[in-house]
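Engineer: The following block contains the structure, expressed as structure tokens.
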Amino acid sequence: MTLTLPQARRLSATVVVLASLALASGCDKLTNRLGLTGQVAAVAPQPIGPERMRVLLPTRGAQATLAPVARSGGTTVWQTLDGITLSFRQGVLVGTRGLGDDLMTSGITNTLAMVDGKLDGMYYPHVRSYLDGEYQTEFRSFQCRQQARSREQTSIGGQVYVTRKIEERCVSPRDEFTNTYWLNTSGEVIKSRQWVSPAIEYMETERVQR
Amino acid sequence: MRAGRQIRSRKLTTAVLVAVIPVFALAGSEISTGYNSYGYPGLIDMPVATSRPDGELAFSSSHFAGQTRNTLTFQITPRLSGSFRYSIIDNYQGGSTLYDRSFSLHYRFLDETYTRPAVAIGFNDFLGTGIYASEYVVATKSVGKRLRVSLGMGWGRLGGSGGFKNPLSVLSDKLETRPVRNTGQGGTVESAQFFRGDAALFGGVEWQATDRLKLIAEYSSDAYPDESPFNFERDSQLNLGASYKIRPGMDLSLRYLYGSEIGVQLTAALNPKNPASTSGREPAPPPVLPRGALSAEELNWPTSEGQQTTRSTDLAQALRQQGIRLHGLSFEGSTARVEIENTTYQLEAQAVGRTARVLSRRMPTNVDTFEIILVSSGVPVSELLVRRSDMETLGDDLEGSWKSFARTSITSPVGKLHPIPERYPRFDWNLKPYLTPSLFDPDSPIRADLGVQLDATYEPAPGWELTGSVRKKIIGNLDDASRRSDSLLTRVRSDFNLYEQQGDPAITNLTAAYYFKPGQDLYGRVTVGYLEPMFGGISSEVLWKPNNSPFAFGVEANYVKQRAYDQLFDFRSYEVATGHVSAYWDMGNGFHTQIDAGRYLAGDWGATVSLDREFKNGWKIGAFATLTDVPFSTFGEGSFDKGIRITMPISWLTGEPNKSAYTTTIRPVTRDGGARLDVGGRLYEKVRPLQKPALQDGWGKFWR
């Protein structure tokens with residue numbers, strides 16, 4: 001069911017620590033045993049439903065299958081085996097935890113309206129929040145707009161689906177991204193490519209069909 | 001006619017471009033300010049007016065013609081930087097090798113605009129012997145995106161070559177001559193010299209050839225009076241240099257200096273504002289479960305004692321997975337009162353957030369308020385009232401962070417704690433490596449010991465802590481230091497060499513401490529035993545620190561006896577009553593100041609002033625100075641005790657939660673005047689991270 005997420009990133013962190021420790025205390029490979037890392041345990045996911053989602057982070061070369069672990073107020077929290085969670089509302093990403101450069105919150109009311117076809121061609125504001133280097137909440141605002149809407153046949157796990165493909169382009173003075181959502185005939189997002197943060201860049205999701 | 005119009009419009013375009021380009025040049029200047037050979041913002045030997053990014057901490061090492069300068073520079077504010085330098089000069093004045101410590105300040109008081117250059121003023125080596133003593137005013141203006149020109153006037157050493165009559169002497173004839181320093185033991189501010197004597201012009205050009213390569217040419221006004229001709233011949237005042245950015249924060253520079261020498265410099269800089277990971281790499285917190293999603297068994301109140309015990313055991317287990325220790329659990333009406341100890345997160349707010357999430361999953365549905373009490377050393381410091389409904393609704397709210405802070409009431413609790421039976425007694429031990437560096441001994445400027453340290457803590461009841469640490473050296477050369485103290489005072493610190501040589505293994509501390517809370521905003525501590533490597537006895541402290549106040553006051557009284565050099569169980573004959581009254585002020589914008597006045601270990605009376613800049617991610621960089629009634633001549637080298645201290649949180653390095661930090665204090669010289677007892681568990685730093693201002697600063701991590 002699951003693959004763990006970025007070992008490479010963790011390893012590089014360990015290397016940094018090792019290098020620093022080599023400077024600071026002249027020895028040591030046992031950062032975990034020293035209690036420098038790994039102080040918070042990843043709690044195994046307790047799925048609340050049979051659905052699964054496959055997520056790919058191309059920049060990290062990481063891939064995982066997630067299970068839903070909580071649902072409240074229209075938001076579903078999905079979790080990997082190694083304790084990373086992603087929150088989605090109607091298939092649109094609203095937050096991540098455990099990726100290192102997490103999306104803390106995201107205001108997606110306008111995006112959902114756009115997906116529903118209510119904002120045809122109009123620009124709308126989009127605000128999201130991150131933590132900065134001093135762990136302070138930092139809001140970043142974007143101007144977004146539906147870029148394209150088309151019919152497309154897409155394949156998920158070897159099966160071909162007829163989907164509506166919607167592209168959303170968002171621009172801020174600092175960043176810009178294009179999110180793509182593939183909706184099935186009942187209007188559910190079954191595949192997407194969504195921008196997380198400057199360090200993570202895009203995340204690709206696919207609903208696992210069973 | 002058509003052609004004419006075209007030409008005219010082209011001219012117009014050109015005019016527009018010309019008008020636009022310089023503005024763009026200012027806004028988009030791509031030249032990065034470098035560190036000069038003295039380690040402060042500059043060209044090669046000369047200063048510039050621009051600054052480095054706020055908060056940057058840089059170490060630079062430069063070498064040419066038998067002179068090495070190692071400098072630590074901190075960009076204290078966006079405009080002000082301060083440097084501490086350790087120089088090694090061969091054949092100083094034709095004689096032996098000189099080891100010299102010096103400070104510099106650089107202050108940019110005007111920013112560059114379209115018409116005006118940036119302008120800065122600086123002071124070098126204003127304390128002590130003053131071999132680099134100089135003052136300057138310098139202006140820097142960018143021309144286009146990649147070219148920058150600086151021009152300045154220097155006094156003192158920077159007025160040495162091409163000097164002329166001080167233009168400031170129109171103000172007063174006194175300024176024409178620079179008085180000779182009466183340095184004595186060094187360490188005092190020589191302000192009488194400032195901007196006096198001959199002045200000279202200096203300047204230079206920086207060209208950012210590529211993103212990584214910068215070429216510099218400068219005209220130096222430094223005559224190197226003590227180094228030339230002993231170390232090198234000055235054939236020219238023109239210096240040429242190239243600086244290459246190896247990677248962000250690391251630069252290598254090569255120079256051709258004074259027409260005769262090749263110089264090299266390596267600079268490594270870091271910025272506390274850039275941690276390994278902004279939001280952290282720790283696993284996600286457990287998702288909040290809305291009450292509607294809880295299973296039927298959760299709906300019931302625990303009725304029997306057995307059920308309650310099961311519940312607290314379950315909760316303790318769930319919190320332990322999050323790195324949080326459950327201290328107590330009780331219910332009152334619809335409120336669950338949960339006492340926790342954060343053993344993991346650098347920011348308490350994150351521990352609070354995770355606790356509230358765990359509670360939302362485990363508390364009976366009729367609990368609608370979580371009363372979370374932050375406990376440190378068995379003492380309740382803060383009480384947070386978190387509404388369960390806010391946990392259920394604000395997690396996905398775009399502005400959930402500040403909204404949940406606004407809706408959380410934070411107070412200082414009164415009343416007793418109700419520890420769960422599993423909490424006490426508790427025994428912990430830990431084996432870890434240690435490293436103790438020793439700097440600036442002229443015989444060997446860097447020494448260090450590396451070894452293992454065994455720590456043990458036993459907590460028999462709330463507030464009681466028995467702790468001990470033993471160190472065993474594995475390798476090192478601290479005991480090579482052969483210089484004996486020449487102190488005229490009681491040798492309370494300057495015999496550190498003897499302690500290093502004979503303390504193997506050493507009991508660095510072995511104490512019994514009791515922490516208590518005598519009033520709502522009062523905290524108390526009594527510690528007895530071997531308090532620190534050099535002293536043992538009794539130490540007592542009371543701190544007044546209201547939860548939401550920028551001020552705190554404390555009193556500490558100790559009676560201590562000097563420990564034997566072997567740092568085992570024996571004492572020497574010296575006894576002293578020492579203690580301080582302390583005032584603490586959180587000045588805002590991350591600056592904290594503290595004044596401690598009282599009697600020091602050598603029996604001298606005086607006060608210590610310290611100023612720290614604290615970053616919200618836990619970095620602290622600061623300086624302190626102590627003046628006592630010991631005359632400078634009696635104190636010895638340096639005249640009075642002073643130093644800088646740096647704290648780097650381990651979590652900044654790893655991107656994972658961790659409460660520990662690496663702290664180092666750099667003292668130019670360690671002597672006996674103004675020496676304070678180094679007892680562990682001082683209350684201010686125990687209490688402050690758990691109080692409202694710190695919780696507010698860390699609230700971004702509440703939902704992380």
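Naming scheme: A, B, ... for chains in displayed order of the structure tokens; residues 1 onward per chain; ligands 1 onward as shown.
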Counting only C-alpha atoms, what is within 10 Å of Pro283 of chain B, bar same-chain residues fewer than 4 positions away, as a list of chain:residue names?

Structural biologist: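 In the requested form, the answer reads A:Gly38, A:Gln39, A:Val40, A:Ala41, A:Ala42, A:Val43, A:Thr80, A:Asp82, A:Gly83, A:Ile84, A:Thr85, A:Arg97, A:Gly98, A:Leu99, A:Gly100, B:Gln322, B:Glu656, B:Arg704.
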
Engineer: Output the contact residues of chain A with respect to chain B at a cut-off of 8 Å, based on only C-alpha atoms, as a PyMOL selection string.

Structural biologist: chain A and resi 13-14+16-17+24-26+34-43+69-73+75+77+82-85+94-95+97-102+104-107+127-137

Engineer: Mind checking DSSP for chain A and telling me the alpha helix (DSSP H) residues as a list in words?

Structural biologist: Gln7, Ala8, Arg9, Arg10, Leu11, Ser12, Ala13, Thr14, Val15, Val16, Val17, Leu18, Ala19, Ser20, Leu21, Ala22, Leu23, Ala24, Thr109, Asn110, Thr111, Leu112, Ala113, Met114 and Val115 of chain A

Engineer: May I have the residues from that selection written out with C-alpha atoms, as a short mmCIF file (atom, residue, chain, number, x, y, z; two decimals), in the first residue's frame?

Structural biologist:
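The file below, again23.cif, is the result:
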data_model
loop_
_atom_site.label_atom_id
_atom_site.label_comp_id
_atom_site.auth_asym_id
_atom_site.auth_seq_id
_atom_site.Cartn_x
_atom_site.Cartn_y
_atom_site.Cartn_z
CA GLN A 7 14.58 9.36 2.17
CA ALA A 8 17.00 11.37 0.10
CA ARG A 9 16.02 14.57 1.87
CA ARG A 10 16.32 12.98 5.28
CA LEU A 11 19.69 11.60 4.37
CA SER A 12 20.97 14.96 3.26
CA ALA A 13 19.79 16.39 6.56
CA THR A 14 21.72 13.68 8.32
CA VAL A 15 24.76 14.50 6.28
CA VAL A 16 24.46 18.13 7.26
CA VAL A 17 24.20 17.11 10.88
CA LEU A 18 27.15 14.78 10.57
CA ALA A 19 29.24 17.47 8.99
CA SER A 20 28.22 19.95 11.65
CA LEU A 21 28.83 17.47 14.41
CA ALA A 22 32.16 16.65 12.94
CA LEU A 23 32.89 20.33 13.38
CA ALA A 24 31.13 20.77 16.67
CA THR A 109 -13.10 29.06 -2.17
CA ASN A 110 -12.47 30.85 -5.46
CA THR A 111 -10.63 27.88 -6.93
CA LEU A 112 -13.59 25.61 -6.16
CA ALA A 113 -15.93 28.13 -7.82
CA MET A 114 -13.62 28.23 -10.84
CA VAL A 115 -13.63 24.42 -11.07
#

Engineer: Find the residues near Gly121 of chain A: any atom within 12 Å, counting only C-alpha atoms, skip ones fewer than 2 places away on the same chain, and give them as a list in words.

Structural biologist: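 Close residues of Gly121 of chain A: Ala113, Met114, Val115, Gly117, Lys118, Leu119, Tyr123, Tyr124, Cys144, Arg145, Gln146, Gln147, Ala148, Arg149, Ile166, Glu167, Glu168 and Arg169 of chain A.
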
Engineer: Enumerate as a PDB file with C-alpha atoms, in the first residue's frame all residues of segment 292-426 of chain B assigned to strand (DSSP E) by DSSP on the backbone, naming them with the chain letters and numbers the document uses.

Structural biologist:
ATOM      1  CA  ILE B 324       5.374  15.307  25.017  1.00  0.00           C
ATOM      2  CA  ARG B 325       5.277  14.054  28.606  1.00  0.00           C
ATOM      3  CA  LEU B 326       1.955  13.919  30.404  1.00  0.00           C
ATOM      4  CA  HIS B 327       2.387  15.322  33.892  1.00  0.00           C
ATOM      5  CA  GLY B 328      -1.181  15.385  35.120  1.00  0.00           C
ATOM      6  CA  LEU B 329      -4.781  14.839  34.049  1.00  0.00           C
ATOM      7  CA  SER B 330      -8.026  15.770  35.756  1.00  0.00           C
ATOM      8  CA  PHE B 331     -11.569  16.703  34.778  1.00  0.00           C
ATOM      9  CA  GLU B 332     -13.743  19.517  36.049  1.00  0.00           C
ATOM     10  CA  THR B 335     -13.000  20.961  31.093  1.00  0.00           C
ATOM     11  CA  ALA B 336     -10.107  18.557  30.790  1.00  0.00           C
ATOM     12  CA  ARG B 337      -7.120  19.845  32.737  1.00  0.00           C
ATOM     13  CA  VAL B 338      -3.945  18.477  31.181  1.00  0.00           C
ATOM     14  CA  GLU B 339      -0.471  19.167  32.554  1.00  0.00           C
ATOM     15  CA  ILE B 340       2.302  18.623  30.038  1.00  0.00           C
ATOM     16  CA  GLU B 341       6.080  18.840  29.835  1.00  0.00           C
ATOM     17  CA  ASN B 342       7.525  19.612  26.436  1.00  0.00           C
ATOM     18  CA  THR B 369     -12.459  22.998  26.807  1.00  0.00           C
ATOM     19  CA  PHE B 370      -8.859  21.896  27.077  1.00  0.00           C
ATOM     20  CA  GLU B 371      -6.954  23.512  29.914  1.00  0.00           C
ATOM     21  CA  ILE B 372      -3.329  22.871  28.987  1.00  0.00           C
ATOM     22  CA  ILE B 373      -0.782  23.644  31.681  1.00  0.00           C
ATOM     23  CA  LEU B 374       2.866  23.982  30.735  1.00  0.00           C
ATOM     24  CA  VAL B 375       5.083  22.545  33.451  1.00  0.00           C
ATOM     25  CA  SER B 376       8.819  23.037  33.835  1.00  0.00           C
ATOM     26  CA  VAL B 379       6.389  24.152  38.381  1.00  0.00           C
ATOM     27  CA  PRO B 380       3.293  25.294  36.430  1.00  0.00           C
ATOM     28  CA  VAL B 381       4.253  28.291  34.287  1.00  0.00           C
ATOM     29  CA  SER B 382       1.405  28.920  31.841  1.00  0.00           C
ATOM     30  CA  GLU B 383      -2.170  27.819  31.502  1.00  0.00           C
ATOM     31  CA  LEU B 384      -3.822  27.856  28.087  1.00  0.00           C
ATOM     32  CA  LEU B 385      -7.549  27.521  27.586  1.00  0.00           C
ATOM     33  CA  VAL B 386      -8.151  26.030  24.152  1.00  0.00           C
ATOM     34  CA  ARG B 387     -11.735  25.527  23.010  1.00  0.00           C
ATOM     35  CA  SER B 409      -6.534  32.577  26.866  1.00  0.00           C
ATOM     36  CA  ILE B 410      -3.066  32.410  28.391  1.00  0.00           C
ATOM     37  CA  THR B 411      -2.533  33.070  32.073  1.00  0.00           C
ATOM     38  CA  ARG B 426      11.504   9.356  37.513  1.00  0.00           C
TER      39      ARG B 426
END

Engineer: Could you pull the residues within 9 Å of segment 193-202 of chain A, counting only C-alpha atoms, minus those fewer than 4 positions along the same chain, as a list in words?

Structural biologist: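 Returned residues: Leu56, Leu57, Pro58, Thr59, Arg60, Val92, Leu93, Gly95, Thr96, Leu99, Gly100, Asp101, Asp102, Leu103, Tyr130, Asp175, Phe177, Thr178, Asn179, Thr180, Tyr181 and Trp182 of chain A.
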
Engineer: Would you put the residues from that selection into a file with C-alpha atoms, as a PDB file, in the first residue's frame?

Structural biologist:
ATOM      1  CA  LEU A  56       4.338  11.834  -6.729  1.00  0.00           C
ATOM      2  CA  LEU A  57       6.792  14.603  -5.882  1.00  0.00           C
ATOM      3  CA  PRO A  58       8.957  14.852  -8.995  1.00  0.00           C
ATOM      4  CA  THR A  59      11.504  17.282  -7.465  1.00  0.00           C
ATOM      5  CA  ARG A  60      12.126  14.903  -4.588  1.00  0.00           C
ATOM      6  CA  VAL A  92      -7.890  20.710  -4.215  1.00  0.00           C
ATOM      7  CA  LEU A  93      -4.876  20.809  -1.912  1.00  0.00           C
ATOM      8  CA  GLY A  95      -2.384  21.962   3.330  1.00  0.00           C
ATOM      9  CA  THR A  96       0.607  19.670   3.830  1.00  0.00           C
ATOM     10  CA  LEU A  99       7.299  17.901   3.676  1.00  0.00           C
ATOM     11  CA  GLY A 100       9.843  20.367   5.072  1.00  0.00           C
ATOM     12  CA  ASP A 101       8.496  23.384   3.186  1.00  0.00           C
ATOM     13  CA  ASP A 102       4.857  22.864   4.000  1.00  0.00           C
ATOM     14  CA  LEU A 103       1.811  24.607   2.678  1.00  0.00           C
ATOM     15  CA  TYR A 130       3.717  29.287   4.787  1.00  0.00           C
ATOM     16  CA  ASP A 175       6.115  32.856  -7.867  1.00  0.00           C
ATOM     17  CA  PHE A 177       2.334  28.177 -11.154  1.00  0.00           C
ATOM     18  CA  THR A 178      -0.236  26.307 -13.194  1.00  0.00           C
ATOM     19  CA  ASN A 179      -2.415  23.749 -11.452  1.00  0.00           C
ATOM     20  CA  THR A 180      -4.154  21.117 -13.520  1.00  0.00           C
ATOM     21  CA  TYR A 181      -7.210  19.142 -12.420  1.00  0.00           C
ATOM     22  CA  TRP A 182      -8.756  16.179 -14.240  1.00  0.00           C
TER      23      TRP A 182
END

Engineer: When you look at segment 536-547 of chain B with a cut-off of 6 Å (counting only C-alpha atoms), what residues show up, excluding the ones that are within fewer than 3 positions of it in the same chain? I need them as a list in words.

Structural biologist: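 What passes the distance filter is Ser412, Asp521, Leu522, Tyr523, Gly524, Arg525, Val526, Thr527, Val528, Gly529, Tyr530, Leu531, Ala552, Phe553, Gly554, Val555, Glu556, Ala557, Asn558, Tyr559, Val560, Lys561, Gln691 and Lys692 of chain B.
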
Engineer: Can I get the selection written as an mmCIF file, in the first residue's frame, with C-alpha atoms?

Structural biologist:
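In the end it all went to again_31.cif:
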data_model
loop_
_atom_site.group_PDB
_atom_site.id
_atom_site.type_symbol
_atom_site.label_atom_id
_atom_site.label_comp_id
_atom_site.auth_asym_id
_atom_site.auth_seq_id
_atom_site.Cartn_x
_atom_site.Cartn_y
_atom_site.Cartn_z
ATOM 1 C CA SER B 412 -0.215 32.215 34.915
ATOM 2 C CA ASP B 521 4.171 35.527 39.091
ATOM 3 C CA LEU B 522 6.946 34.362 41.401
ATOM 4 C CA TYR B 523 9.306 31.487 40.846
ATOM 5 C CA GLY B 524 11.877 30.096 43.265
ATOM 6 C CA ARG B 525 14.893 27.826 43.252
ATOM 7 C CA VAL B 526 17.283 26.435 45.848
ATOM 8 C CA THR B 527 20.264 24.401 44.684
ATOM 9 C CA VAL B 528 22.901 22.751 46.875
ATOM 10 C CA GLY B 529 25.919 20.685 46.001
ATOM 11 C CA TYR B 530 28.745 20.884 43.506
ATOM 12 C CA LEU B 531 27.186 23.670 41.484
ATOM 13 C CA ALA B 552 11.293 40.616 35.025
ATOM 14 C CA PHE B 553 13.284 41.027 38.210
ATOM 15 C CA GLY B 554 15.274 38.478 40.115
ATOM 16 C CA VAL B 555 17.425 38.089 43.198
ATOM 17 C CA GLU B 556 20.068 35.415 43.554
ATOM 18 C CA ALA B 557 22.069 34.730 46.715
ATOM 19 C CA ASN B 558 24.809 32.119 46.933
ATOM 20 C CA TYR B 559 27.353 30.975 49.447
ATOM 21 C CA VAL B 560 30.053 28.963 47.723
ATOM 22 C CA LYS B 561 33.426 27.389 48.296
ATOM 23 C CA GLN B 691 5.119 32.347 28.717
ATOM 24 C CA LYS B 692 2.786 34.331 26.523
#

Engineer: So, counting only C-alpha atoms, which residue among A:Ser186, A:Ser155, A:Thr65, A:Gln143 is closest to Leu81 of chain A?

Structural biologist: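 Using only C-alpha atoms, the shortest distance to Leu81 of chain A belongs to A:Thr65.
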
Engineer: Excluding same-chain residues fewer than 6 positions from Ile507 of chain B, what lies within 8 Å of it counting only C-alpha atoms, as a list in words?

Structural biologist: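 Skipping anything fewer than 6 positions along the chain leaves Gly468, Ser469, Val470, Arg471, Pro533, Gln567 and Leu568 of chain B.
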
Engineer: Emit the selected residues as a CSV table (one decimal), in the first residue's frame, including N, CA and C atoms.

Structural biologist:
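This is the output file part21.csv:
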chain,number,residue,atom,x,y,z
B,468,GLY,N,23.4,15.1,38.2
B,468,GLY,CA,24.9,15.0,38.2
B,468,GLY,C,25.4,14.7,36.8
B,469,SER,N,26.6,15.2,36.6
B,469,SER,CA,27.3,15.0,35.3
B,469,SER,C,28.8,14.7,35.6
B,470,VAL,N,29.2,13.7,34.9
B,470,VAL,CA,30.6,13.3,34.9
B,470,VAL,C,31.2,13.3,33.5
B,471,ARG,N,32.4,13.9,33.4
B,471,ARG,CA,33.1,13.9,32.1
B,471,ARG,C,34.4,13.1,32.2
B,533,PRO,N,32.0,23.4,37.8
B,533,PRO,CA,33.3,22.8,37.9
B,533,PRO,C,34.2,23.4,39.0
B,567,GLN,N,38.3,18.3,40.7
B,567,GLN,CA,36.8,18.3,40.4
B,567,GLN,C,36.1,17.1,40.9
B,568,LEU,N,36.6,16.5,42.0
B,568,LEU,CA,35.9,15.4,42.6
B,568,LEU,C,35.2,16.0,43.8

Engineer: When you draw a straight line from atom CA of Asn509 of chain B to atom CA of Arg563 of chain B, how long is it in Å?

Structural biologist: 10.9 Å
